[in-house]
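Have a look at entry22.cif below; it lists mmCIF, C-alpha atoms.
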```cif
data_upload
#
loop_
_atom_site.label_atom_id
_atom_site.label_comp_id
_atom_site.auth_asym_id
_atom_site.auth_seq_id
_atom_site.Cartn_x
_atom_site.Cartn_y
_atom_site.Cartn_z
CA MET A 1 -14.01 -2.98 12.89
CA LEU A 2 -10.73 -3.24 14.79
CA LYS A 3 -7.79 -1.58 13.01
CA LEU A 4 -4.36 -3.02 13.72
CA SER A 5 -0.95 -2.18 12.29
CA VAL A 6 2.02 -4.50 12.05
CA LEU A 7 5.22 -2.46 11.97
CA SER A 8 8.88 -2.50 12.91
CA GLY A 9 11.85 -0.20 13.27
CA LYS A 10 14.23 -2.43 11.32
CA GLY A 11 13.68 -4.12 7.99
CA GLY A 12 13.83 -7.86 7.42
CA VAL A 13 12.50 -8.79 10.85
CA GLY A 14 9.45 -10.63 9.51
CA LYS A 15 6.58 -8.13 9.60
CA THR A 16 4.83 -9.51 6.55
CA THR A 17 5.26 -13.11 7.75
CA ILE A 18 3.80 -12.21 11.15
CA CYS A 19 1.01 -10.12 9.58
CA VAL A 20 -0.06 -12.85 7.17
CA ASN A 21 0.11 -15.62 9.77
CA LEU A 22 -1.82 -13.49 12.23
CA ALA A 23 -4.47 -12.96 9.56
CA TYR A 24 -4.83 -16.74 9.17
CA ALA A 25 -4.95 -17.31 12.96
CA LEU A 26 -7.69 -14.67 13.31
CA ARG A 27 -9.58 -16.05 10.32
CA ASP A 28 -9.45 -19.54 11.87
CA MET A 29 -11.14 -18.05 14.94
CA GLY A 30 -14.04 -17.00 12.77
CA LYS A 31 -13.12 -13.39 12.14
CA LYS A 32 -13.42 -11.63 8.80
CA ILE A 33 -10.00 -10.23 7.98
CA GLY A 34 -8.53 -7.75 5.54
CA ILE A 35 -4.90 -6.77 4.92
CA MET A 36 -3.67 -3.50 3.46
CA ASP A 37 -0.15 -3.84 2.12
CA PHE A 38 1.34 -0.42 2.83
CA ASP A 39 4.78 -1.46 1.68
CA LEU A 40 4.23 0.38 -1.57
CA THR A 41 7.69 -0.01 -3.05
CA GLY A 42 8.18 -3.62 -1.93
CA PRO A 43 4.69 -5.14 -1.76
CA ASN A 44 5.00 -8.81 -0.76
CA VAL A 45 1.75 -9.68 1.02
CA MET A 46 0.29 -11.36 -2.05
CA ARG A 47 3.33 -13.61 -2.42
CA ALA A 48 3.49 -14.33 1.32
CA ILE A 49 -0.15 -15.36 1.36
CA GLY A 50 0.31 -17.52 -1.71
CA ALA A 51 -2.07 -15.51 -3.88
CA GLU A 52 -1.69 -14.77 -7.54
CA GLU A 53 0.26 -11.52 -7.99
CA SER A 54 -0.83 -11.20 -11.56
CA LEU A 55 -4.43 -10.52 -10.45
CA LYS A 56 -4.96 -6.89 -11.30
CA LEU A 57 -7.26 -4.61 -9.37
CA ASP A 58 -10.10 -3.16 -11.36
CA ILE A 59 -9.54 0.58 -11.28
CA THR A 60 -12.55 1.42 -13.42
CA LYS A 61 -14.98 1.16 -10.50
CA ALA A 62 -15.88 3.85 -8.00
CA LYS A 63 -14.05 1.92 -5.26
CA TYR A 64 -11.27 -0.62 -5.18
CA ILE A 65 -12.58 -4.10 -4.59
CA PRO A 66 -9.87 -5.91 -2.59
CA ILE A 67 -8.69 -9.26 -3.91
CA GLU A 68 -9.86 -12.21 -1.80
CA HIS A 69 -7.64 -15.21 -1.07
CA ASP A 70 -8.44 -17.97 1.46
CA GLY A 71 -11.24 -15.73 2.77
CA ILE A 72 -8.84 -12.84 3.46
CA LYS A 73 -9.29 -9.54 1.61
CA ILE A 74 -6.08 -7.92 0.37
CA LEU A 75 -5.15 -4.62 -1.23
CA SER A 76 -1.58 -4.32 -2.47
CA MET A 77 0.42 -2.29 -4.96
CA ALA A 78 1.50 -5.69 -6.32
CA ASN A 79 -1.95 -5.86 -7.92
CA LEU A 80 -1.64 -2.45 -9.51
CA LEU A 81 1.93 -2.47 -10.79
CA PRO A 82 3.23 -4.71 -13.55
CA GLN A 83 5.51 -7.40 -12.07
CA GLY A 84 9.03 -6.15 -11.41
CA LYS A 85 8.07 -2.51 -12.01
CA ALA A 86 9.56 0.00 -9.57
CA LEU A 87 7.35 2.69 -8.06
CA LEU A 88 9.43 5.85 -7.75
CA TRP A 89 7.05 8.20 -5.99
CA GLU A 90 8.30 10.65 -3.43
CA GLY A 91 6.96 11.03 0.11
CA ILE A 92 3.84 13.14 -0.13
CA ARG A 93 2.41 11.03 -2.95
CA ARG A 94 3.18 7.79 -1.11
CA ARG A 95 1.16 9.16 1.80
CA GLY A 96 -1.55 9.88 -0.76
CA ILE A 97 -1.66 6.21 -1.79
CA VAL A 98 -1.96 5.18 1.86
CA LYS A 99 -4.95 7.51 2.21
CA GLU A 100 -6.41 6.16 -1.02
CA PHE A 101 -6.06 2.53 0.11
CA ILE A 102 -7.99 3.36 3.28
CA HIS A 103 -10.74 5.57 1.89
CA ALA A 104 -11.14 4.43 -1.72
CA ALA A 105 -11.37 0.69 -1.02
CA ASP A 106 -14.41 -1.30 -0.01
CA TRP A 107 -13.58 -2.71 3.44
CA THR A 108 -17.18 -3.28 4.55
CA GLY A 109 -18.07 -6.43 6.48
CA LEU A 110 -14.68 -6.97 8.12
CA ASP A 111 -14.04 -7.61 11.83
CA ILE A 112 -10.35 -6.76 11.73
CA LEU A 113 -8.32 -4.76 9.21
CA LEU A 114 -4.56 -5.31 9.38
CA ALA A 115 -2.03 -2.88 7.94
CA ASP A 116 1.35 -4.29 6.94
CA LEU A 117 3.95 -1.52 6.83
CA PRO A 118 7.46 -1.00 5.52
CA PRO A 119 10.16 -0.66 8.20
CA GLY A 120 10.93 2.54 10.05
CA CYS A 121 9.15 5.82 10.55
CA GLY A 122 8.86 6.86 6.88
CA ASP A 123 6.05 8.32 4.84
CA GLU A 124 3.87 5.22 4.63
CA THR A 125 4.01 4.83 8.42
CA LEU A 126 3.27 8.52 8.99
CA GLY A 127 0.40 8.35 6.49
CA MET A 128 -0.94 5.26 8.27
CA MET A 129 -0.82 7.10 11.61
CA GLU A 130 -2.68 10.08 10.15
CA TYR A 131 -5.33 8.39 8.00
CA PHE A 132 -5.71 4.85 9.38
CA VAL A 133 -5.39 5.73 13.11
CA PRO A 134 -4.90 2.15 14.39
CA ASP A 135 -6.57 0.87 17.55
CA GLY A 136 -3.32 -0.90 18.35
CA VAL A 137 0.02 -1.96 16.96
CA ILE A 138 1.89 -5.25 16.80
CA ILE A 139 5.55 -4.32 16.72
CA VAL A 140 7.93 -6.89 15.28
CA THR A 141 11.64 -7.10 16.00
CA THR A 142 14.44 -9.62 16.37
CA PRO A 143 16.86 -10.04 19.28
CA HIS A 144 19.67 -8.43 17.27
CA SER A 145 21.17 -5.25 18.76
CA LEU A 146 20.68 -3.26 15.53
CA ALA A 147 17.02 -4.25 15.40
CA TYR A 148 16.71 -3.23 19.05
CA GLU A 149 17.98 0.30 18.37
CA ASP A 150 15.37 0.83 15.67
CA TYR A 151 12.73 -0.87 17.81
CA LEU A 152 13.26 1.91 20.38
CA ARG A 153 12.79 4.51 17.63
CA ALA A 154 9.54 2.92 16.54
CA ILE A 155 8.35 2.81 20.18
CA ASP A 156 9.21 6.50 20.50
CA MET A 157 7.09 7.31 17.43
CA LEU A 158 4.15 5.32 18.80
CA LYS A 159 4.37 7.08 22.19
CA LEU A 160 4.31 10.44 20.43
CA ASN A 161 1.13 9.40 18.64
CA ASN A 162 -0.46 7.88 21.78
CA THR A 163 -0.76 4.56 19.96
CA SER A 164 -0.85 1.46 22.13
CA VAL A 165 1.39 -1.53 21.50
CA ILE A 166 -0.69 -4.68 21.85
CA LYS A 167 2.34 -6.92 21.76
CA THR A 168 6.00 -6.89 20.83
CA VAL A 169 6.71 -9.92 18.69
CA VAL A 170 10.35 -10.99 18.95
CA ASN A 171 10.79 -12.96 15.78
CA MET A 172 13.60 -15.47 15.28
CA ALA A 173 14.05 -15.31 19.07
CA TYR A 174 15.22 -18.86 19.68
CA PHE A 175 15.95 -22.20 18.07
CA ASP A 176 13.44 -24.90 18.84
CA LEU A 177 15.81 -27.84 19.19
CA LYS A 178 14.47 -31.34 18.99
CA CYS A 179 16.60 -34.13 20.39
CA PRO A 180 16.83 -36.87 17.74
CA HIS A 181 16.99 -39.79 20.18
CA LYS A 182 14.93 -38.68 23.14
CA ASN A 183 11.46 -37.29 23.22
CA CYS A 184 12.56 -33.85 24.36
CA ARG A 185 12.78 -30.29 23.09
CA GLU A 186 14.92 -27.36 24.12
CA LYS A 187 14.55 -23.66 23.51
CA LYS A 188 17.96 -22.24 22.70
CA HIS A 189 17.70 -18.46 22.81
CA ARG A 190 19.77 -16.25 20.61
CA ILE A 191 21.89 -13.65 22.42
CA SER A 192 19.57 -10.75 23.07
CA VAL A 193 19.95 -7.19 24.24
CA PHE A 194 16.32 -7.10 25.31
CA LYS A 195 16.61 -8.95 28.60
CA ASP A 196 19.16 -6.55 30.09
CA ASN A 197 17.82 -3.30 28.79
CA ASP A 198 14.11 -3.34 28.45
CA HIS A 199 11.16 -4.55 30.46
CA SER A 200 9.05 -4.88 27.32
CA TRP A 201 10.84 -8.21 26.81
CA GLU A 202 8.68 -9.60 29.60
CA ASN A 203 5.56 -8.63 27.66
CA SER A 204 6.84 -9.91 24.34
CA PHE A 205 5.68 -12.81 22.22
CA GLU A 206 8.54 -14.99 21.02
CA VAL A 207 8.56 -16.72 17.66
CA PRO A 208 11.26 -19.34 17.00
CA PHE A 209 13.78 -19.19 14.20
CA ASP A 210 12.53 -21.67 11.65
CA PRO A 211 14.25 -21.93 8.28
CA LEU A 212 11.19 -23.70 6.89
CA ILE A 213 8.96 -20.66 7.38
CA SER A 214 8.64 -19.46 3.84
CA ALA A 215 4.93 -19.34 3.20
CA SER A 216 1.81 -18.50 5.13
CA ASN A 217 0.17 -20.64 7.81
CA LYS A 218 3.41 -21.91 9.30
CA VAL A 219 3.83 -19.75 12.40
CA ASP A 220 1.59 -20.58 15.32
CA LEU A 221 0.12 -17.23 16.36
CA LYS A 222 -3.05 -18.54 18.02
CA GLU A 223 -2.11 -17.03 21.40
CA LEU A 224 -1.51 -13.63 19.83
CA ALA A 225 -4.78 -13.90 17.93
CA LYS A 226 -6.61 -14.75 21.19
CA LEU A 227 -5.12 -11.68 22.83
CA ILE A 228 -6.39 -9.49 20.00
CA ILE A 229 -9.87 -10.98 20.18
CA GLU A 230 -9.90 -10.37 23.95
CA LYS A 231 -9.03 -6.76 23.19
CA MET A 232 -11.96 -6.59 20.77
CA VAL A 233 -14.34 -7.84 23.47
CA VAL A 234 -13.04 -5.26 25.97
CA ALA A 235 -13.35 -2.48 23.39
CA MET B 1 1.10 27.68 -34.69
CA SER B 2 2.13 28.37 -31.12
CA LEU B 3 3.24 25.62 -28.77
CA ILE B 4 0.13 26.11 -26.65
CA SER B 5 -2.24 25.82 -29.63
CA LEU B 6 -0.37 22.73 -30.76
CA LEU B 7 -0.69 21.09 -27.32
CA GLN B 8 -4.35 22.12 -27.23
CA GLU B 9 -4.94 20.48 -30.59
CA ILE B 10 -3.15 17.27 -29.56
CA PHE B 11 -5.27 16.99 -26.40
CA GLN B 12 -8.52 17.73 -28.25
CA GLU B 13 -7.72 15.05 -30.79
CA GLY B 14 -6.76 12.58 -28.02
CA ILE B 15 -10.00 13.23 -26.19
CA SER B 16 -12.18 12.74 -29.25
CA LYS B 17 -10.48 9.40 -29.92
CA ALA B 18 -10.68 8.38 -26.23
CA ASN B 19 -14.46 9.01 -26.30
CA VAL B 20 -15.03 5.98 -28.47
CA GLN B 21 -13.15 3.72 -26.04
CA ALA B 22 -14.39 5.33 -22.83
CA LYS B 23 -18.03 4.34 -23.25
CA GLY B 24 -17.17 0.67 -23.37
CA THR B 25 -14.33 0.67 -20.86
CA LEU B 26 -15.17 2.73 -17.82
CA ASP B 27 -17.70 2.12 -15.12
CA LYS B 28 -20.56 4.63 -14.82
CA SER B 29 -19.49 5.28 -11.24
CA CYS B 30 -16.47 7.14 -12.62
CA LEU B 31 -18.78 9.74 -14.16
CA TYR B 32 -18.08 13.43 -13.71
CA ARG B 33 -14.52 13.00 -12.52
CA SER B 34 -12.49 15.92 -13.81
CA PHE B 35 -8.85 15.89 -14.86
CA VAL B 36 -6.22 18.49 -15.55
CA VAL B 37 -2.92 17.95 -17.31
CA GLU B 38 -0.30 20.56 -16.50
CA ILE B 39 2.96 21.13 -18.32
CA PRO B 40 4.52 23.98 -16.31
CA ASP B 41 7.60 24.47 -18.50
CA ALA B 42 5.44 24.92 -21.61
CA ASN B 43 4.16 28.36 -20.59
CA ASN B 44 2.10 26.80 -17.82
CA PHE B 45 0.04 24.81 -20.29
CA ARG B 46 -3.06 23.45 -18.57
CA TYR B 47 -5.69 21.26 -20.16
CA GLY B 48 -8.87 20.12 -18.44
CA PHE B 49 -11.29 17.34 -19.32
CA ILE B 50 -14.18 15.60 -17.65
CA TYR B 51 -15.63 12.10 -17.97
CA THR B 52 -19.38 12.41 -18.56
CA GLU B 53 -22.13 10.00 -19.57
CA ASN B 54 -21.53 11.02 -23.18
CA GLY B 55 -17.81 10.33 -22.98
CA ILE B 56 -14.82 12.53 -22.31
CA LYS B 57 -15.24 16.26 -22.86
CA GLU B 58 -12.84 19.14 -22.48
CA TYR B 59 -13.52 21.82 -19.89
CA ASP B 60 -11.92 24.95 -18.55
CA GLY B 61 -9.09 23.57 -16.47
CA TYR B 62 -9.08 26.70 -14.33
CA ALA B 63 -12.77 26.65 -13.48
CA THR B 64 -13.00 23.95 -10.83
CA GLN B 65 -10.79 21.91 -8.58
CA PRO B 66 -10.02 18.80 -10.64
CA THR B 67 -10.43 15.28 -9.26
CA VAL B 68 -6.94 14.41 -10.45
CA LYS B 69 -4.13 16.59 -11.70
CA MET B 70 -1.26 15.19 -13.76
CA ILE B 71 1.88 17.33 -13.85
CA MET B 72 4.77 16.62 -16.19
CA LYS B 73 7.66 18.32 -17.94
CA TYR B 74 7.35 19.13 -21.61
CA SER B 75 10.23 16.72 -22.31
CA THR B 76 8.23 13.93 -20.64
CA PHE B 77 5.20 14.80 -22.75
CA LEU B 78 7.36 14.66 -25.89
CA ASP B 79 8.85 11.31 -24.80
CA ILE B 80 5.30 9.93 -24.44
CA MET B 81 4.23 11.32 -27.80
CA ASN B 82 7.37 9.92 -29.45
CA HIS B 83 6.81 6.45 -27.96
CA LYS B 84 10.03 6.67 -25.93
CA LEU B 85 8.09 6.39 -22.67
CA SER B 86 4.73 4.85 -21.89
CA VAL B 87 2.22 6.84 -19.81
CA GLN B 88 2.26 4.03 -17.27
CA ASP B 89 6.03 4.21 -16.86
CA ALA B 90 5.91 8.02 -16.69
CA VAL B 91 3.51 7.63 -13.76
CA TYR B 92 5.28 4.73 -12.02
CA TYR B 93 8.72 6.34 -12.35
CA GLY B 94 7.46 9.69 -11.06
CA PHE B 95 8.01 11.66 -14.29
CA ALA B 96 4.30 12.40 -14.46
CA LEU B 97 3.04 13.30 -11.00
CA LEU B 98 -0.52 12.59 -9.94
CA ASP B 99 -2.27 14.75 -7.38
CA GLY B 100 -5.80 14.94 -6.11
CA GLU B 101 -8.57 12.65 -4.99
CA ASN B 102 -7.76 8.93 -5.40
CA PRO B 103 -5.27 9.37 -8.26
CA LEU B 104 -4.59 5.64 -8.64
CA LEU B 105 -8.26 4.87 -8.94
CA HIS B 106 -8.74 7.46 -11.66
CA MET B 107 -5.50 6.74 -13.46
CA ASN B 108 -7.42 4.69 -16.03
CA ILE B 109 -9.16 7.73 -17.45
CA LEU B 110 -5.85 9.55 -17.87
CA MET B 111 -4.34 6.46 -19.47
CA LEU B 112 -7.25 6.26 -21.84
CA VAL B 113 -6.78 9.82 -23.08
CA PHE B 114 -3.02 9.51 -23.39
CA SER B 115 -3.13 6.20 -25.16
CA SER B 116 -5.47 7.85 -27.67
CA MET B 117 -3.00 10.67 -28.24
CA VAL B 118 0.05 8.63 -29.20
#
```
Spit out the file's structure as structure tokens when you get a sec.
Amino acid sequence: MLKLSVLSGKGGVGKTTICVNLAYALRDMGKKIGIMDFDLTGPNVMRAIGAEESLKLDITKAKYIPIEHDGIKILSMANLLPQGKALLWEGIRRRGIVKEFIHAADWTGLDILLADLPPGCGDETLGMMEYFVPDGVIIVTTPHSLAYEDYLRAIDMLKLNNTSVIKTVVNMAYFDLKCPHKNCREKKHRISVFKDNDHSWENSFEVPFDPLISASNKVDLKELAKLIIEKMVVA
Amino acid sequence: MSLISLLQEIFQEGISKANVQAKGTLDKSCLYRSFVVEIPDANNFRYGFIYTENGIKEYDGYATQPTVKMIMKYSTFLDIMNHKLSVQDAVYYGFALLDGENPLLHMNILMLVFSSMV
């Protein structure tokens, strides 16, 4: 089973959207996929995937049985907490939940297990590094200069842990303009600090800014999914 | 009656009531998980119980490493007993801290005992 993490330095860059859409793209290529929602205090994977948040995990069994939606297995705090309830656990116990999600859940039969993380280098991310030990990371950012600063911090953390970045996804990178009268399209890039400062831009995967992206299965991540499957074959 | 004996009595009563529910509620795979409730500011009160095939039984909380430990202040315990705070909220809001092996998974057993106490 390939273990991949989707993380970012800055919040609000679209990690969950990318993670969920990547899960669908990989599923459509015949892979069995699971998602662990490590955003413990703001778990949104269930909503992003269009699944029922009110489904509660059965915690009377010896192992958690992940909830299945559209053939994708999901484990999220959203299915443990009552709706709208805050989880006010400090760091060490949040790391404990991360460990529990990995070891106490039944993830058998999967080809790829994705971990969706909260932004930054906090406890959930550190717990994921320690207990999940991903085979690779998809790092999500936007072209904004503030996102770039935190992107560098996330890269630094990954280097320290010898974790490879499979791809940098630059989300909301450009506007995909369609000419109303002619049969033409134009990519209008947002101003970016990446091009001048960092060679990783050349290796990045751009996703357009699309105000209609609000649910799963809207972002075309087939190319990214292919890249991951190629990595699986090599491994 | 001392505070410790009172707490002891409350827990014993809770566990005997929880026994009735436990047999019908919990999966057999949860058997032999052990739990300790600690209330450090009540003279280090510590109460241990274990989920067995015959239901929930008390045990010497000092004897073995428990599966899950729940630590709370005495004021939190009183708030639960006085219906000012639910056990769930005490856990979610971090007033009752869970430690040990898979605390979320075993939270149900703790909930069962506490809901039988109040």
List, as a list in words, every residue that the PyMOL selection byres ((chain B and resi 98) around 6) selects in the file provided.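 Listing what the PyMOL selection byres ((chain B and resi 98) around 6) selects in the shown file: Lys69, Met70, Leu97, Asp99 and Pro103 of chain B.
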Distance of CA of Ser16 (chain B) from CA of Gly100 (chain B), expressed in Å to one decimal place: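 Between CA of Gly100 (chain B) and CA of Ser16 (chain B) the gap is 24.1 Å.
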Which residues, named as in the file, does the PyMOL selection byres ((chain A) within 8 of (chain B)) pick out? Answer as a PDB file with C-alpha atoms, in the coordinates of the input.
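Here's the written file out_3.pdb:
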```pdb
ATOM      1  CA  ILE A  59      -9.540   0.580 -11.280  1.00  0.00           C
ATOM      2  CA  THR A  60     -12.550   1.420 -13.420  1.00  0.00           C
ATOM      3  CA  LYS A  61     -14.980   1.160 -10.500  1.00  0.00           C
ATOM      4  CA  ALA A  62     -15.880   3.850  -8.000  1.00  0.00           C
ATOM      5  CA  LYS A  63     -14.050   1.920  -5.260  1.00  0.00           C
ATOM      6  CA  TYR A  64     -11.270  -0.620  -5.180  1.00  0.00           C
ATOM      7  CA  LYS A  85       8.070  -2.510 -12.010  1.00  0.00           C
ATOM      8  CA  ALA A  86       9.560   0.000  -9.570  1.00  0.00           C
ATOM      9  CA  LEU A  87       7.350   2.690  -8.060  1.00  0.00           C
ATOM     10  CA  LEU A  88       9.430   5.850  -7.750  1.00  0.00           C
ATOM     11  CA  TRP A  89       7.050   8.200  -5.990  1.00  0.00           C
ATOM     12  CA  GLU A  90       8.300  10.650  -3.430  1.00  0.00           C
ATOM     13  CA  ARG A  93       2.410  11.030  -2.950  1.00  0.00           C
ATOM     14  CA  GLY A  96      -1.550   9.880  -0.760  1.00  0.00           C
ATOM     15  CA  ILE A  97      -1.660   6.210  -1.790  1.00  0.00           C
ATOM     16  CA  GLU A 100      -6.410   6.160  -1.020  1.00  0.00           C
ATOM     17  CA  ALA A 104     -11.140   4.430  -1.720  1.00  0.00           C
TER      18      ALA A 104
END
```
Evaluate the PyMOL selection byres ((chain A and resi 14) around 9) and report residues as a ChimeraX atom specification: /A:8,11-13,15-19,140-142,171-172
Suppose you want the space between CA of Tyr74 (chain B) and CA of Asp41 (chain B); what is it in Å? 6.2 Å
Pick out the closest residue to Ala18 (chain B) from this set: B:Ser115, B:Arg33, B:Ile50, B:Lys73. Count all atoms listed in the file.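 Checking each candidate against Ala18 (chain B), we get B:Ser115 as the closest.
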Residues within 9 Å of region 114-116 of chain A, only C-alpha atoms, excluding chain neighbours under 6 positions, as a PDB file with C-alpha atoms, in the coordinates of the input:
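Contents of part-v6.pdb, as written:
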```
ATOM      1  CA  LEU A   2     -10.730  -3.240  14.790  1.00  0.00           C
ATOM      2  CA  LYS A   3      -7.790  -1.580  13.010  1.00  0.00           C
ATOM      3  CA  LEU A   4      -4.360  -3.020  13.720  1.00  0.00           C
ATOM      4  CA  SER A   5      -0.950  -2.180  12.290  1.00  0.00           C
ATOM      5  CA  VAL A   6       2.020  -4.500  12.050  1.00  0.00           C
ATOM      6  CA  LEU A   7       5.220  -2.460  11.970  1.00  0.00           C
ATOM      7  CA  LYS A  15       6.580  -8.130   9.600  1.00  0.00           C
ATOM      8  CA  THR A  16       4.830  -9.510   6.550  1.00  0.00           C
ATOM      9  CA  CYS A  19       1.010 -10.120   9.580  1.00  0.00           C
ATOM     10  CA  VAL A  20      -0.060 -12.850   7.170  1.00  0.00           C
ATOM     11  CA  ALA A  23      -4.470 -12.960   9.560  1.00  0.00           C
ATOM     12  CA  ILE A  33     -10.000 -10.230   7.980  1.00  0.00           C
ATOM     13  CA  GLY A  34      -8.530  -7.750   5.540  1.00  0.00           C
ATOM     14  CA  ILE A  35      -4.900  -6.770   4.920  1.00  0.00           C
ATOM     15  CA  MET A  36      -3.670  -3.500   3.460  1.00  0.00           C
ATOM     16  CA  ASP A  37      -0.150  -3.840   2.120  1.00  0.00           C
ATOM     17  CA  PHE A  38       1.340  -0.420   2.830  1.00  0.00           C
ATOM     18  CA  ASP A  39       4.780  -1.460   1.680  1.00  0.00           C
ATOM     19  CA  VAL A  45       1.750  -9.680   1.020  1.00  0.00           C
ATOM     20  CA  MET A 128      -0.940   5.260   8.270  1.00  0.00           C
ATOM     21  CA  PHE A 132      -5.710   4.850   9.380  1.00  0.00           C
ATOM     22  CA  PRO A 134      -4.900   2.150  14.390  1.00  0.00           C
TER      23      PRO A 134
END
```
Name the residues within 9 Å of (-1.9, 7.0, -29.9), counting all atoms listed in the file in the file's coordinates, and put them as a count of residues only. 10
Scan for residues within 12 Å of the point (-3.5, 19.6, -18.2) in the coordinates of the file, using only C-alpha atoms, and reply as a ChimeraX atom specification. /B:4,7-8,10-12,34-40,42-50,58-62,66,68-74,77,96-99,110,113-114
Same residues, C-alpha atoms, saved as a PDB file, in the coordinates of the input:
```
ATOM      1  CA  ILE B   4       0.130  26.110 -26.650  1.00  0.00           C
ATOM      2  CA  LEU B   7      -0.690  21.090 -27.320  1.00  0.00           C
ATOM      3  CA  GLN B   8      -4.350  22.120 -27.230  1.00  0.00           C
ATOM      4  CA  ILE B  10      -3.150  17.270 -29.560  1.00  0.00           C
ATOM      5  CA  PHE B  11      -5.270  16.990 -26.400  1.00  0.00           C
ATOM      6  CA  GLN B  12      -8.520  17.730 -28.250  1.00  0.00           C
ATOM      7  CA  SER B  34     -12.490  15.920 -13.810  1.00  0.00           C
ATOM      8  CA  PHE B  35      -8.850  15.890 -14.860  1.00  0.00           C
ATOM      9  CA  VAL B  36      -6.220  18.490 -15.550  1.00  0.00           C
ATOM     10  CA  VAL B  37      -2.920  17.950 -17.310  1.00  0.00           C
ATOM     11  CA  GLU B  38      -0.300  20.560 -16.500  1.00  0.00           C
ATOM     12  CA  ILE B  39       2.960  21.130 -18.320  1.00  0.00           C
ATOM     13  CA  PRO B  40       4.520  23.980 -16.310  1.00  0.00           C
ATOM     14  CA  ALA B  42       5.440  24.920 -21.610  1.00  0.00           C
ATOM     15  CA  ASN B  43       4.160  28.360 -20.590  1.00  0.00           C
ATOM     16  CA  ASN B  44       2.100  26.800 -17.820  1.00  0.00           C
ATOM     17  CA  PHE B  45       0.040  24.810 -20.290  1.00  0.00           C
ATOM     18  CA  ARG B  46      -3.060  23.450 -18.570  1.00  0.00           C
ATOM     19  CA  TYR B  47      -5.690  21.260 -20.160  1.00  0.00           C
ATOM     20  CA  GLY B  48      -8.870  20.120 -18.440  1.00  0.00           C
ATOM     21  CA  PHE B  49     -11.290  17.340 -19.320  1.00  0.00           C
ATOM     22  CA  ILE B  50     -14.180  15.600 -17.650  1.00  0.00           C
ATOM     23  CA  GLU B  58     -12.840  19.140 -22.480  1.00  0.00           C
ATOM     24  CA  TYR B  59     -13.520  21.820 -19.890  1.00  0.00           C
ATOM     25  CA  ASP B  60     -11.920  24.950 -18.550  1.00  0.00           C
ATOM     26  CA  GLY B  61      -9.090  23.570 -16.470  1.00  0.00           C
ATOM     27  CA  TYR B  62      -9.080  26.700 -14.330  1.00  0.00           C
ATOM     28  CA  PRO B  66     -10.020  18.800 -10.640  1.00  0.00           C
ATOM     29  CA  VAL B  68      -6.940  14.410 -10.450  1.00  0.00           C
ATOM     30  CA  LYS B  69      -4.130  16.590 -11.700  1.00  0.00           C
ATOM     31  CA  MET B  70      -1.260  15.190 -13.760  1.00  0.00           C
ATOM     32  CA  ILE B  71       1.880  17.330 -13.850  1.00  0.00           C
ATOM     33  CA  MET B  72       4.770  16.620 -16.190  1.00  0.00           C
ATOM     34  CA  LYS B  73       7.660  18.320 -17.940  1.00  0.00           C
ATOM     35  CA  TYR B  74       7.350  19.130 -21.610  1.00  0.00           C
ATOM     36  CA  PHE B  77       5.200  14.800 -22.750  1.00  0.00           C
ATOM     37  CA  ALA B  96       4.300  12.400 -14.460  1.00  0.00           C
ATOM     38  CA  LEU B  97       3.040  13.300 -11.000  1.00  0.00           C
ATOM     39  CA  LEU B  98      -0.520  12.590  -9.940  1.00  0.00           C
ATOM     40  CA  ASP B  99      -2.270  14.750  -7.380  1.00  0.00           C
ATOM     41  CA  LEU B 110      -5.850   9.550 -17.870  1.00  0.00           C
ATOM     42  CA  VAL B 113      -6.780   9.820 -23.080  1.00  0.00           C
ATOM     43  CA  PHE B 114      -3.020   9.510 -23.390  1.00  0.00           C
TER      44      PHE B 114
END
```
Surrounding residues of Gly24 (chain B) excluding itself and chain neighbours under 5 positions, 12 Å, only C-alpha atoms, as a PyMOL selection string: (chain A and resi 60) or (chain B and resi 18-19+53-55+112)
Take the selection from the previous step and output its residues with C-alpha atoms, as a PDB file, keeping the file's coordinate frame.
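For reference, again.pdb as written:
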```pdb
ATOM      1  CA  THR A  60     -12.550   1.420 -13.420  1.00  0.00           C
TER       2      THR A  60
ATOM      3  CA  ALA B  18     -10.680   8.380 -26.230  1.00  0.00           C
ATOM      4  CA  ASN B  19     -14.460   9.010 -26.300  1.00  0.00           C
ATOM      5  CA  GLU B  53     -22.130  10.000 -19.570  1.00  0.00           C
ATOM      6  CA  ASN B  54     -21.530  11.020 -23.180  1.00  0.00           C
ATOM      7  CA  GLY B  55     -17.810  10.330 -22.980  1.00  0.00           C
ATOM      8  CA  LEU B 112      -7.250   6.260 -21.840  1.00  0.00           C
TER       9      LEU B 112
END
```
